[in-house]
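Participant: The structure's right below; bear with me while I get my questions together.
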Amino acid sequence: MSVSSLCSPVVAGLQPYVPGEQPRIPGLVKLNTNENPYPPSPRALAAIAQAAQQGLQLYPDPQSLALRETIAARHGLDVGQVFVGNGSDEVLAHAFFAFFQHAGAPLLMPDITYSFYRVYCGLWGIAAELQPLDAGLGIDVDQLAARSAQGACAGVVLANPNAPTGIGLPLARIEQLLQACPQRVVLVDEAYVDFGGESAVGLVARYPNLLVVHTLSKSRSLAGLRVGVAFGQRPLIDALERVKDSFNSYPLDRLAQAGARAAYEDEAYFEQTCRAVAQSREGLLLALEDLGFVVLPSQANFLFVRHPDHDAATLAAQLRERAVLVRHFARPERIAQYLRISVGTPAQCDALVQALRALV
Ligand SMILES: *Cc1c(COP(=O)(O)O)cnc(C)c1O
């Protein structure tokens with residue numbers, strides 16, 4: 001795409017993230033962007049409605065203090081160890097700016113992971129050094145730890161469970177990385193952890209170099225509200241606050257602060273919907289294996305699958321004709337024969353399996 005000469009020269013060099021499509025097709029079975037198939041907690045919706053009735057003419061709390069207190073209490077942390085932003089994508093952007101710009105040293109990350117990490121590297125001029133996944137498409141922690149222990153790196157970023165594979169790492173592996181790289185930040189993006197992964201939030205007290213990032217978009221059904229969270233020791237959170245207040249003092253509006261807080265207060269609903277998604281995932285896994293798919297072990301709300309006899313891009317296009325949307329990544333080459341399928345309601349999973357039965 002050509003960029004106008006009116007723009008700053010840097011704009012032409014950006015390589016923006018391409019989000020999954022959000023088409024408006026009636027009756028669409030939408031399994032392409034890992035949203036939660038269940039609506040948000042009714043208490044969150046009520047809190048948003050109430051917040052809309054009162055005070056929108058006033059700025060929101062720039063520090064989101066009540067929300068941060070609620071989140072901190074849930075995790076047994078101090079409010080000063082919790083940062084919130086406008087979606088975890090914004091939290092990640094601030095974190096990359098705050099922690100990973102070290103005089104040209106490269107940021108280490110798996111070669112196949114959340115593709116926004118490389119976009120932020122491009123935005124902030126950080127070099128990315130990619131460590132290949134192992135033969136089973138798991139993160140090769142021994143390699144990452146060995147490389148980070150050599151020094152001359154800006155830090156480490158990974159998603160756990162990883163995206164788009166869904167494969168999770170045990171906590172001992174995260175600790176191995178934290179110990180190998182004590183002089184730099186290790187950022188663990190736990191966007192999917194609530195569906196069955198092991199969270200590193202409990203390690204925050206022991207590791208000054210750990211930053212854990214969460215989102216309300218997946219396990220709390222609030223992708224439309226845009227709230228993300230970071231957990232870390234105070235110096236890291238203070239740094240994020242400095243960056244945030246150099247960019248936008250009010251990233252979370254009144255509706256988002258109220259709705260997010262109520263979502264955290266409705267623990268029962270959260271646990272019930274996470275359990276339902278995890279159960280559907282296991283059922284869908286068996287149904288796909290029955291159809292001949294190879295399915296990677298997933299601790300997330302999606303499955304990463306391939307069929308030995310069918311081209312992935314073709315299958316995705318054929319599903320689309322049947323009003324079922326899944327995600328296909330043409331690149332990197334190594335995953336081009338996989339489809340990433342978000343776990344839907346039991347009815348949505350059935351619709352997917354029915355459509356596939358006609359195709360494979
Ligand atoms: C969905 C996702 C995010 C972004 O979450 P938002 O809070 O909606 O910005 C971040 N990291 C990973 C790995 C994700 O899958």
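Simple scheme: letters A, B, ... for chains in structure tokens order, numbers from 1 for residues in each chain, numbers from 1 for ligands in the order shown.
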Report as a tab-separated table the residues of region 280-340 of chain A within 12 Å of region 177-191 of chain A, each with its shortest atom pair and distance in Å (one decimal), using only C-alpha atoms, ordered by chain and increasing residue number.

Facilitator:
```
residue	atom	partner	partner_atom	distance
A:Gln299	CA	A:Glu190	CA	11.1
A:Ala300	CA	A:Ala191	CA	8.8
A:Asn301	CA	A:Ala191	CA	10.0
A:Phe302	CA	A:Ala191	CA	11.9
```

Participant: List the spatial neighbours of Pro62 (chain A) as a PDB file with N, CA and C atoms, in the first residue's frame - criterion: any atom at most 10 Å away, only C-alpha atoms, same-chain residues fewer than 5 positions off excluded.

Facilitator:
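And here is the file that came out, selection_27.pdb:
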```pdb
ATOM      1  N   ASP A 245       0.956   7.404  31.142  1.00  0.00           N
ATOM      2  CA  ASP A 245       0.657   8.822  31.356  1.00  0.00           C
ATOM      3  C   ASP A 245       1.427   9.731  30.406  1.00  0.00           C
ATOM      4  N   ASN A 248      -1.774   8.399  27.186  1.00  0.00           N
ATOM      5  CA  ASN A 248      -3.215   8.611  27.374  1.00  0.00           C
ATOM      6  C   ASN A 248      -3.507   8.393  28.852  1.00  0.00           C
ATOM      7  N   SER A 249      -3.939   9.433  29.531  1.00  0.00           N
ATOM      8  CA  SER A 249      -4.197   9.314  30.981  1.00  0.00           C
ATOM      9  C   SER A 249      -5.449   8.503  31.278  1.00  0.00           C
ATOM     10  N   TYR A 250      -6.341   8.422  30.298  1.00  0.00           N
ATOM     11  CA  TYR A 250      -7.661   7.812  30.552  1.00  0.00           C
ATOM     12  C   TYR A 250      -7.918   6.645  29.597  1.00  0.00           C
ATOM     13  N   PRO A 251      -7.106   5.614  29.630  1.00  0.00           N
ATOM     14  CA  PRO A 251      -7.306   4.524  28.649  1.00  0.00           C
ATOM     15  C   PRO A 251      -8.577   3.712  28.905  1.00  0.00           C
ATOM     16  N   LEU A 252      -9.031   3.677  30.155  1.00  0.00           N
ATOM     17  CA  LEU A 252     -10.254   2.920  30.470  1.00  0.00           C
ATOM     18  C   LEU A 252     -11.377   3.890  30.798  1.00  0.00           C
ATOM     19  N   ASP A 253     -12.446   3.829  30.016  1.00  0.00           N
ATOM     20  CA  ASP A 253     -13.561   4.740  30.275  1.00  0.00           C
ATOM     21  C   ASP A 253     -14.383   4.251  31.468  1.00  0.00           C
ATOM     22  N   ARG A 254     -15.372   5.018  31.840  1.00  0.00           N
ATOM     23  CA  ARG A 254     -16.177   4.678  33.027  1.00  0.00           C
ATOM     24  C   ARG A 254     -16.911   3.346  32.860  1.00  0.00           C
TER      25      ARG A 254
END
```

Participant: Can you tell me, as an mmCIF file with C-alpha atoms, in the first residue's frame, what residues are no more than 8 Å from Ser64 (chain A) when counting only C-alpha atoms, ignoring any on the same chain fewer than 3 positions away?

Facilitator:
```cif
data_model
loop_
_atom_site.group_PDB
_atom_site.id
_atom_site.type_symbol
_atom_site.label_atom_id
_atom_site.label_comp_id
_atom_site.auth_asym_id
_atom_site.auth_seq_id
_atom_site.Cartn_x
_atom_site.Cartn_y
_atom_site.Cartn_z
ATOM 1 C CA PRO A 60 -13.076 8.512 34.507
ATOM 2 C CA ASP A 61 -10.599 7.759 37.309
ATOM 3 C CA LEU A 67 -10.828 -1.905 39.427
ATOM 4 C CA ARG A 68 -7.164 -2.446 40.240
ATOM 5 C CA VAL A 84 -4.698 -1.930 33.523
ATOM 6 C CA LEU A 252 -10.254 2.920 30.470
ATOM 7 C CA GLN A 257 -13.896 0.258 34.688
#
```

Participant: Pick out each residue of region 78-303 of chain A that DSSP on the backbone tags as helix (DSSP H, G or I); I need them as a ChimeraX atom specification.

Facilitator: /A:79-81,87-99,116-124,141-149,171-180,193-195,201-203,234-244,254-265,267-290

Participant: Can I get the residues of chain A within 7 Å of ligand 1, each with the closest pair of atoms and their distance in Å to one decimal, using only C-alpha atoms and all ligand atoms, sorted chain first then ascending number, as a Markdown table?

Facilitator:
```
| residue | atom | partner | partner_atom_place_in_ligand_line | distance |
| --- | --- | --- | --- | --- |
| A:Gly87 | CA | ligand 1 | 7 (O) | 3.6 |
| A:Ser88 | CA | ligand 1 | 7 (O) | 3.6 |
| A:Asp89 | CA | ligand 1 | 9 (O) | 3.8 |
| A:Glu90 | CA | ligand 1 | 9 (O) | 6.6 |
| A:Tyr114 | CA | ligand 1 | 13 (C) | 5.0 |
| A:Ala159 | CA | ligand 1 | 13 (C) | 5.5 |
| A:Asn162 | CA | ligand 1 | 13 (C) | 6.8 |
| A:Ala163 | CA | ligand 1 | 13 (C) | 5.5 |
| A:Asp189 | CA | ligand 1 | 11 (N) | 6.0 |
| A:Glu190 | CA | ligand 1 | 13 (C) | 6.9 |
| A:Ala191 | CA | ligand 1 | 12 (C) | 5.0 |
| A:Tyr192 | CA | ligand 1 | 15 (O) | 6.9 |
| A:Thr215 | CA | ligand 1 | 7 (O) | 4.3 |
| A:Leu216 | CA | ligand 1 | 7 (O) | 6.1 |
| A:Ser217 | CA | ligand 1 | 8 (O) | 4.8 |
| A:Lys218 | CA | ligand 1 | 1 (C) | 6.8 |
| A:Ala223 | CA | ligand 1 | 8 (O) | 5.4 |
| A:Arg226 | CA | ligand 1 | 7 (O) | 5.9 |
| A:Val227 | CA | ligand 1 | 7 (O) | 5.7 |
| A:Gly228 | CA | ligand 1 | 7 (O) | 4.8 |
```

Participant: Go through A:Leu65, A:Ile25, A:Leu255, A:Ala276 one by one, measure the shortest atom-to-atom distance of each to Pro346 (chain A) using only C-alpha atoms, and give the residue with the smallest value.

Facilitator: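 Distance minimum relative to Pro346 (chain A) lands on A:Ala276.
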
Participant: Identify, on the basis of only C-alpha atoms, every residue whose closest approach to region 311-313 of chain A does not exceed 9 Å; exclude the query and any residue fewer than 5 positions from it along the same chain; express the result as a list in words.

Facilitator: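 Here the answer would be Arg306, Gln318, His328, Phe329, Ala330, Ala336, Gln337, Tyr338 and Leu339 of chain A.
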
Participant: Could you take the residues named above and write them with N, CA, C and O atoms, as a PDB file, in the first residue's frame?

Facilitator:
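Output below, filename again.pdb:
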```pdb
ATOM      1  N   ARG A 306      -4.968 -30.139  11.903  1.00  0.00           N
ATOM      2  CA  ARG A 306      -4.720 -30.303  10.464  1.00  0.00           C
ATOM      3  C   ARG A 306      -5.303 -31.641  10.034  1.00  0.00           C
ATOM      4  O   ARG A 306      -5.456 -32.566  10.848  1.00  0.00           O
ATOM      5  N   GLN A 318     -14.145 -23.600   2.187  1.00  0.00           N
ATOM      6  CA  GLN A 318     -15.376 -24.394   2.072  1.00  0.00           C
ATOM      7  C   GLN A 318     -16.266 -24.217   3.305  1.00  0.00           C
ATOM      8  O   GLN A 318     -17.504 -24.170   3.194  1.00  0.00           O
ATOM      9  N   HIS A 328      -7.314 -19.362   9.352  1.00  0.00           N
ATOM     10  CA  HIS A 328      -6.193 -20.007   8.653  1.00  0.00           C
ATOM     11  C   HIS A 328      -5.061 -19.002   8.509  1.00  0.00           C
ATOM     12  O   HIS A 328      -5.295 -17.859   8.116  1.00  0.00           O
ATOM     13  N   PHE A 329      -3.845 -19.407   8.896  1.00  0.00           N
ATOM     14  CA  PHE A 329      -2.672 -18.547   8.725  1.00  0.00           C
ATOM     15  C   PHE A 329      -1.831 -19.121   7.585  1.00  0.00           C
ATOM     16  O   PHE A 329      -1.298 -20.226   7.697  1.00  0.00           O
ATOM     17  N   ALA A 330      -1.708 -18.376   6.499  1.00  0.00           N
ATOM     18  CA  ALA A 330      -0.918 -18.846   5.350  1.00  0.00           C
ATOM     19  C   ALA A 330       0.575 -18.867   5.696  1.00  0.00           C
ATOM     20  O   ALA A 330       1.354 -19.612   5.111  1.00  0.00           O
ATOM     21  N   ALA A 336       1.000 -23.653   7.752  1.00  0.00           N
ATOM     22  CA  ALA A 336       0.048 -23.323   6.685  1.00  0.00           C
ATOM     23  C   ALA A 336      -0.990 -24.424   6.457  1.00  0.00           C
ATOM     24  O   ALA A 336      -2.018 -24.186   5.832  1.00  0.00           O
ATOM     25  N   GLN A 337      -0.728 -25.634   6.969  1.00  0.00           N
ATOM     26  CA  GLN A 337      -1.716 -26.711   6.807  1.00  0.00           C
ATOM     27  C   GLN A 337      -2.572 -26.899   8.063  1.00  0.00           C
ATOM     28  O   GLN A 337      -3.260 -27.909   8.209  1.00  0.00           O
ATOM     29  N   TYR A 338      -2.524 -25.921   8.956  1.00  0.00           N
ATOM     30  CA  TYR A 338      -3.338 -25.982  10.177  1.00  0.00           C
ATOM     31  C   TYR A 338      -4.507 -24.998  10.104  1.00  0.00           C
ATOM     32  O   TYR A 338      -4.432 -23.977   9.420  1.00  0.00           O
ATOM     33  N   LEU A 339      -5.547 -25.329  10.850  1.00  0.00           N
ATOM     34  CA  LEU A 339      -6.646 -24.398  11.084  1.00  0.00           C
ATOM     35  C   LEU A 339      -6.737 -24.148  12.584  1.00  0.00           C
ATOM     36  O   LEU A 339      -6.568 -25.077  13.380  1.00  0.00           O
TER      37      LEU A 339
END
```

Participant: Excluding same-chain residues fewer than 3 positions from Val119 (chain A), what lies within 7 Å of it counting only C-alpha atoms, as a PyMOL selection string?

Facilitator: chain A and resi 15-17+115-116+122-123

Participant: Restrict the selected residues to C-alpha atoms and save them as a CSV table (one decimal), in the first residue's frame.

Facilitator:
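The resulting out_16.csv:
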```
chain,number,residue,atom,x,y,z
A,15,GLN,CA,3.7,-3.7,9.3
A,16,PRO,CA,0.4,-3.6,11.0
A,17,TYR,CA,-1.4,-6.6,12.7
A,115,SER,CA,1.9,-12.1,15.7
A,116,PHE,CA,1.3,-8.8,17.4
A,122,GLY,CA,8.4,-2.9,14.3
A,123,LEU,CA,6.6,0.0,16.0
```

Participant: May I ask which of the residues A:Lys244, A:Arg24, A:Arg206, A:Arg43 is the closest one to Val91 (chain A), counting only C-alpha atoms?

Facilitator: A:Lys244

Participant: Run DSSP on the backbone and give me the residues of region 34-262 of chain A it puts in strand (DSSP E or B), as a VMD selection string.

Facilitator: chain A and resid 82 to 85 107 to 110 128 to 131 155 to 159 186 to 189 210 to 215 228 to 231

Participant: Find the nearest atom pair between each residue of region 265-335 of chain A and region 355-358 of chain A for residues within 8 Å, count only C-alpha atoms, give distances in Å to one decimal, sort rows by chain and ascending number, and present the table as JSON lines.

Facilitator:
```
{"residue": "A:Leu291", "atom": "CA", "partner": "A:Arg357", "partner_atom": "CA", "distance": 7.0}
{"residue": "A:Leu319", "atom": "CA", "partner": "A:Ala355", "partner_atom": "CA", "distance": 6.8}
{"residue": "A:Arg322", "atom": "CA", "partner": "A:Ala355", "partner_atom": "CA", "distance": 6.9}
{"residue": "A:Val324", "atom": "CA", "partner": "A:Ala355", "partner_atom": "CA", "distance": 7.9}
```

Participant: Go through A:Arg234, A:Val360, A:Gly27, A:His94 and flag the residue nearest Ala205 (chain A), using only C-alpha atoms for the distances.

Facilitator: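 Among A:Arg234, A:Val360, A:Gly27, A:His94, it is A:Arg234 that comes nearest to Ala205 (chain A).
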
Participant: Please, what distance in Å, to one decimal, runs between CA of Pro164 (chain A) and CA of Gln131 (chain A)?

Facilitator: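 Atom-to-atom, CA of Pro164 (chain A) to CA of Gln131 (chain A), that is 15.7 Å.
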
Participant: Counting only C-alpha atoms, figure out which residue out of A:Ala51, A:Val295, A:Ala260, A:Leu288 gets nearest to Gly224 (chain A).

Facilitator: A:Ala260

Participant: Can you measure CA of Val156 (chain A) to CA of Phe195 (chain A) for me? One decimal in Å is fine.

Facilitator: 23.4 Å

Participant: Just want the 9 Å neighbourhood of Val82 (chain A), counted on only C-alpha atoms, with same-chain residues fewer than 2 positions away dropped. Output as a list in words.

Facilitator: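 Non-adjacent residues within range: Arg68, Glu69, Ile71, Ala72, Leu77, Asp78, Val79, Gly80, Val84, Val229, Ala230, Phe231, Gly232, Gln233, Arg234 and Ile237 of chain A.
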
Participant: Please provide as a short mmCIF file (atom, residue, chain, number, x, y, z; two decimals) with C-alpha atoms, in the first residue's frame all residues within 12 Å of Val294 (chain A), with the sequence filter that same-chain residues fewer than 3 positions apart are discarded (counting only C-alpha atoms).

Facilitator:
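Saved as selection-v1.cif:
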```cif
data_model
loop_
_atom_site.label_atom_id
_atom_site.label_comp_id
_atom_site.auth_asym_id
_atom_site.auth_seq_id
_atom_site.Cartn_x
_atom_site.Cartn_y
_atom_site.Cartn_z
CA GLY A 136 5.82 -31.04 18.44
CA LEU A 285 -11.32 -32.63 20.06
CA LEU A 286 -12.76 -36.16 19.99
CA ALA A 287 -15.21 -35.32 17.20
CA LEU A 288 -12.42 -33.82 15.05
CA GLU A 289 -10.14 -36.80 15.68
CA ASP A 290 -13.02 -39.04 14.56
CA LEU A 291 -13.06 -37.11 11.28
CA PRO A 297 -3.14 -30.76 22.87
CA LEU A 303 -7.89 -26.09 18.84
CA PHE A 304 -5.07 -26.12 16.30
CA VAL A 305 -5.77 -28.90 13.81
CA ARG A 306 -4.72 -30.30 10.46
CA HIS A 307 -6.13 -32.99 8.20
CA PRO A 308 -3.60 -35.26 6.48
CA ASP A 309 -5.73 -35.47 3.31
CA HIS A 310 -7.16 -31.95 2.99
CA GLN A 337 -1.72 -26.71 6.81
CA TYR A 338 -3.34 -25.98 10.18
CA LEU A 339 -6.65 -24.40 11.08
#
```

Participant: For Thr33 (chain A), which residue out of A:Arg220, A:Arg275, A:Arg334, A:Arg327 is the nearest one, using only C-alpha atoms?

Facilitator: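 Once distances to Thr33 (chain A) are computed over only C-alpha atoms, the minimum belongs to A:Arg327.
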
Participant: Would you mind telling me which residue in A:Asn209, A:Ser221, A:Gln348, A:Gln63 lies nearest to Leu45 (chain A) when using only C-alpha atoms?

Facilitator: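 Going through A:Asn209, A:Ser221, A:Gln348, A:Gln63 one by one, the smallest distance to Leu45 (chain A) is for A:Ser221.
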
Participant: If I take CA of Asn36 (chain A) and CA of Val212 (chain A), how far is one from the other in Å, to one decimal?

Facilitator: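 Here the two named atoms are 21.1 Å from each other.
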